[in-house]
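Structure data (PDB, C-alpha atoms, pLDDT in the B column) from my_file_26.pdb:
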```pdb
ATOM      1  CA  MET A 259     107.874 136.190 130.089  1.00 72.00           C
ATOM      2  CA  GLU A 260     104.459 136.901 131.562  1.00 82.00           C
ATOM      3  CA  THR A 261     103.473 139.001 128.573  1.00 94.00           C
ATOM      4  CA  MET A 262     104.501 136.216 126.170  1.00 94.00           C
ATOM      5  CA  VAL A 263     102.488 133.669 128.175  1.00 94.00           C
ATOM      6  CA  GLN A 264      99.475 135.963 128.236  1.00 95.00           C
ATOM      7  CA  LEU A 265      99.791 136.533 124.496  1.00 95.00           C
ATOM      8  CA  ALA A 266      99.988 132.784 123.845  1.00 95.00           C
ATOM      9  CA  GLU A 267      96.949 132.182 126.050  1.00 96.00           C
ATOM     10  CA  ARG A 268      95.012 134.877 124.211  1.00 96.00           C
ATOM     11  CA  ILE A 269      95.956 133.419 120.808  1.00 96.00           C
ATOM     12  CA  LEU A 270      94.928 129.924 121.939  1.00 96.00           C
ATOM     13  CA  MET A 271      91.647 131.260 123.303  1.00 97.00           C
ATOM     14  CA  TRP A 272      90.810 133.058 120.058  1.00 97.00           C
ATOM     15  CA  ALA A 273      91.815 130.003 118.003  1.00 97.00           C
ATOM     16  CA  GLY A 274      89.471 127.868 120.114  1.00 97.00           C
ATOM     17  CA  VAL A 275      86.641 130.380 119.739  1.00 97.00           C
ATOM     18  CA  ALA A 276      87.140 130.564 115.964  1.00 97.00           C
ATOM     19  CA  PHE A 277      87.193 126.747 115.750  1.00 97.00           C
ATOM     20  CA  LEU A 278      83.954 126.457 117.736  1.00 97.00           C
ATOM     21  CA  VAL A 279      82.293 129.104 115.563  1.00 98.00           C
ATOM     22  CA  CYS A 280      83.324 127.265 112.390  1.00 97.00           C
ATOM     23  CA  VAL A 281      82.003 123.947 113.731  1.00 98.00           C
ATOM     24  CA  MET A 282      78.704 125.541 114.759  1.00 98.00           C
ATOM     25  CA  LEU A 283      78.310 127.219 111.368  1.00 97.00           C
ATOM     26  CA  GLU A 284      78.964 123.904 109.622  1.00 97.00           C
ATOM     27  CA  LEU A 285      76.337 122.167 111.771  1.00 97.00           C
ATOM     28  CA  VAL A 286      73.809 124.961 111.144  1.00 97.00           C
ATOM     29  CA  ILE A 287      74.404 124.749 107.377  1.00 97.00           C
ATOM     30  CA  MET A 288      74.084 120.938 107.367  1.00 97.00           C
ATOM     31  CA  ILE A 289      70.861 121.012 109.426  1.00 97.00           C
ATOM     32  CA  GLY A 290      69.523 123.858 107.310  1.00 96.00           C
ATOM     33  CA  TRP A 291      70.106 121.913 104.093  1.00 95.00           C
ATOM     34  CA  GLN A 292      68.345 118.856 105.556  1.00 96.00           C
ATOM     35  CA  ILE A 293      65.351 121.020 106.517  1.00 96.00           C
ATOM     36  CA  VAL A 294      65.310 122.592 103.039  1.00 94.00           C
ATOM     37  CA  ASP A 295      65.397 119.117 101.467  1.00 94.00           C
ATOM     38  CA  ILE A 296      62.487 117.934 103.638  1.00 93.00           C
ATOM     39  CA  ILE A 297      60.422 121.044 102.837  1.00 92.00           C
ATOM     40  CA  TRP A 298      61.287 120.778  99.125  1.00 91.00           C
ATOM     41  CA  GLU A 299      60.215 117.099  99.025  1.00 90.00           C
ATOM     42  CA  GLY A 300      56.990 118.010 100.817  1.00 89.00           C
ATOM     43  CA  LEU A 301      56.244 120.760  98.286  1.00 88.00           C
ATOM     44  CA  GLU A 302      56.989 118.427  95.382  1.00 86.00           C
ATOM     45  CA  LEU A 303      54.666 115.780  96.845  1.00 81.00           C
ATOM     46  CA  LYS A 304      51.895 118.381  97.224  1.00 80.00           C
ATOM     47  CA  ASN A 305      52.417 119.495  93.634  1.00 77.00           C
ATOM     48  CA  TRP A 306      52.283 115.916  92.354  1.00 75.00           C
ATOM     49  CA  LYS A 307      49.063 115.200  94.279  1.00 69.00           C
ATOM     50  CA  GLY A 308      47.537 118.500  93.185  1.00 57.00           C
TER      51      GLY A 308
END
```
What does the file become when written as C-alpha coordinates?
Amino acid sequence: METMVQLAERILMWAGVAFLVCVMLELVIMIGWQIVDIIWEGLELKNWKG
(Lines of atoms letter the chains of each structure in order from A and count residues from 1; the text may use other names and numbers.)
(Lines give C-alpha, C1' and ligand atoms only; values in the text may rest on other atoms or scores of the structure.)
Protein backbone atom coordinates (compact mmCIF):
# COMPACT_ATOMS: atom_id res chain seq x y z
CA MET A 1 0.00 0.00 0.00
CA GLU A 2 2.85 2.37 0.78
CA THR A 3 4.18 2.12 -2.75
CA MET A 4 0.74 2.93 -4.19
CA VAL A 5 0.41 5.94 -1.88
CA GLN A 6 3.88 7.15 -2.81
CA LEU A 7 3.08 6.72 -6.49
CA ALA A 8 -0.16 8.68 -6.11
CA GLU A 9 1.66 11.44 -4.24
CA ARG A 10 4.31 11.61 -6.95
CA ILE A 11 1.67 11.78 -9.71
CA LEU A 12 -0.19 14.55 -7.85
CA MET A 13 3.05 16.46 -7.32
CA TRP A 14 3.99 16.27 -11.00
CA ALA A 15 0.44 17.23 -12.04
CA GLY A 16 0.65 20.29 -9.77
CA VAL A 17 4.07 21.23 -11.15
CA ALA A 18 2.85 20.87 -14.75
CA PHE A 19 -0.24 22.97 -13.95
CA LEU A 20 1.88 25.73 -12.40
CA VAL A 21 4.24 25.71 -15.38
CA CYS A 22 1.32 26.02 -17.81
CA VAL A 23 -0.18 28.92 -15.83
CA MET A 24 3.17 30.71 -15.69
CA LEU A 25 3.73 30.23 -19.42
CA GLU A 26 0.27 31.62 -20.15
CA LEU A 27 0.95 34.68 -17.98
CA VAL A 28 4.35 35.23 -19.64
CA ILE A 29 2.78 35.00 -23.11
CA MET A 30 -0.05 37.41 -22.17
CA ILE A 31 2.37 39.95 -20.64
CA GLY A 32 4.73 39.54 -23.57
CA TRP A 33 1.95 40.28 -26.07
CA GLN A 34 0.93 43.39 -24.11
CA ILE A 35 4.55 44.62 -24.14
CA VAL A 36 4.81 43.91 -27.88
CA ASP A 37 1.58 45.85 -28.47
CA ILE A 38 2.86 48.83 -26.46
CA ILE A 39 6.21 48.83 -28.31
CA TRP A 40 4.46 48.41 -31.68
CA GLU A 41 2.12 51.36 -30.96
CA GLY A 42 5.12 53.45 -29.90
CA LEU A 43 6.96 52.62 -33.13
CA GLU A 44 3.88 53.43 -35.20
CA LEU A 45 3.49 56.78 -33.42
CA LYS A 46 7.16 57.60 -34.09
CA ASN A 47 6.72 56.68 -37.75
CA TRP A 48 3.61 58.85 -38.06
CA LYS A 49 5.36 61.84 -36.45
CA GLY A 50 8.48 61.30 -38.55
Between atom CA of Val279 of chain A and atom CA of Ala266 of chain A lies a distance of 19.9 Å
Grab the atom CA of Ile269 of chain A to atom CA of Ile287 of chain A distance for me, in Å with one decimal place. 26.8 Å
Rounded to one decimal place, report the atom CA of Glu302 of chain A-atom CA of Leu283 of chain A distance in Å.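 Between these atoms lies a distance of 28.1 Å.
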Could you add N, CA and C atoms to segment 263-296 of chain A and give me the result as a tab-separated table (two decimals), keeping the file's coordinate frame?
```
chain	number	residue	atom	x	y	z
A	263	VAL	N	103.45	134.71	127.76
A	263	VAL	CA	102.49	133.67	128.18
A	263	VAL	C	101.06	134.17	127.99
A	264	GLN	N	100.82	135.40	128.39
A	264	GLN	CA	99.48	135.96	128.24
A	264	GLN	C	99.10	136.05	126.76
A	265	LEU	N	100.06	136.44	125.93
A	265	LEU	CA	99.79	136.53	124.50
A	265	LEU	C	99.46	135.16	123.93
A	266	ALA	N	100.24	134.15	124.32
A	266	ALA	CA	99.99	132.78	123.84
A	266	ALA	C	98.61	132.31	124.30
A	267	GLU	N	98.27	132.59	125.55
A	267	GLU	CA	96.95	132.18	126.05
A	267	GLU	C	95.84	132.86	125.26
A	268	ARG	N	96.03	134.15	124.97
A	268	ARG	CA	95.01	134.88	124.21
A	268	ARG	C	94.86	134.29	122.82
A	269	ILE	N	96.00	133.99	122.16
A	269	ILE	CA	95.96	133.42	120.81
A	269	ILE	C	95.24	132.07	120.84
A	270	LEU	N	95.58	131.23	121.84
A	270	LEU	CA	94.93	129.92	121.94
A	270	LEU	C	93.43	130.09	122.17
A	271	MET	N	93.06	131.04	123.02
A	271	MET	CA	91.65	131.26	123.30
A	271	MET	C	90.91	131.66	122.03
A	272	TRP	N	91.48	132.61	121.29
A	272	TRP	CA	90.81	133.06	120.06
A	272	TRP	C	90.76	131.96	119.02
A	273	ALA	N	91.82	131.13	118.95
A	273	ALA	CA	91.82	130.00	118.00
A	273	ALA	C	90.70	129.03	118.38
A	274	GLY	N	90.54	128.76	119.67
A	274	GLY	CA	89.47	127.87	120.11
A	274	GLY	C	88.10	128.44	119.79
A	275	VAL	N	87.92	129.74	120.03
A	275	VAL	CA	86.64	130.38	119.74
A	275	VAL	C	86.34	130.31	118.25
A	276	ALA	N	87.34	130.61	117.42
A	276	ALA	CA	87.14	130.56	115.96
A	276	ALA	C	86.79	129.15	115.52
A	277	PHE	N	87.47	128.14	116.11
A	277	PHE	CA	87.19	126.75	115.75
A	277	PHE	C	85.76	126.39	116.11
A	278	LEU	N	85.33	126.76	117.31
A	278	LEU	CA	83.95	126.46	117.74
A	278	LEU	C	82.95	127.14	116.82
A	279	VAL	N	83.21	128.39	116.45
A	279	VAL	CA	82.29	129.10	115.56
A	279	VAL	C	82.19	128.40	114.22
A	280	CYS	N	83.33	127.97	113.68
A	280	CYS	CA	83.32	127.26	112.39
A	280	CYS	C	82.52	125.97	112.48
A	281	VAL	N	82.74	125.21	113.56
A	281	VAL	CA	82.00	123.95	113.73
A	281	VAL	C	80.50	124.22	113.83
A	282	MET	N	80.13	125.23	114.61
A	282	MET	CA	78.70	125.54	114.76
A	282	MET	C	78.10	125.98	113.43
A	283	LEU	N	78.81	126.79	112.67
A	283	LEU	CA	78.31	127.22	111.37
A	283	LEU	C	78.11	126.02	110.45
A	284	GLU	N	79.07	125.09	110.47
A	284	GLU	CA	78.96	123.90	109.62
A	284	GLU	C	77.73	123.10	110.01
A	285	LEU	N	77.51	122.92	111.31
A	285	LEU	CA	76.34	122.17	111.77
A	285	LEU	C	75.06	122.88	111.35
A	286	VAL	N	75.01	124.20	111.52
A	286	VAL	CA	73.81	124.96	111.14
A	286	VAL	C	73.53	124.80	109.66
A	287	ILE	N	74.59	124.88	108.82
A	287	ILE	CA	74.40	124.75	107.38
A	287	ILE	C	73.90	123.35	107.03
A	288	MET	N	74.51	122.31	107.65
A	288	MET	CA	74.08	120.94	107.37
A	288	MET	C	72.63	120.74	107.75
A	289	ILE	N	72.25	121.18	108.97
A	289	ILE	CA	70.86	121.01	109.43
A	289	ILE	C	69.92	121.82	108.54
A	290	GLY	N	70.35	123.02	108.17
A	290	GLY	CA	69.52	123.86	107.31
A	290	GLY	C	69.26	123.20	105.97
A	291	TRP	N	70.29	122.59	105.37
A	291	TRP	CA	70.11	121.91	104.09
A	291	TRP	C	69.16	120.74	104.22
A	292	GLN	N	69.26	119.98	105.35
A	292	GLN	CA	68.34	118.86	105.56
A	292	GLN	C	66.91	119.35	105.65
A	293	ILE	N	66.71	120.46	106.38
A	293	ILE	CA	65.35	121.02	106.52
A	293	ILE	C	64.84	121.47	105.15
A	294	VAL	N	65.71	122.14	104.38
A	294	VAL	CA	65.31	122.59	103.04
A	294	VAL	C	64.93	121.40	102.17
A	295	ASP	N	65.71	120.32	102.24
A	295	ASP	CA	65.40	119.12	101.47
A	295	ASP	C	64.03	118.57	101.86
A	296	ILE	N	63.77	118.48	103.17
A	296	ILE	CA	62.49	117.93	103.64
A	296	ILE	C	61.33	118.81	103.14
```
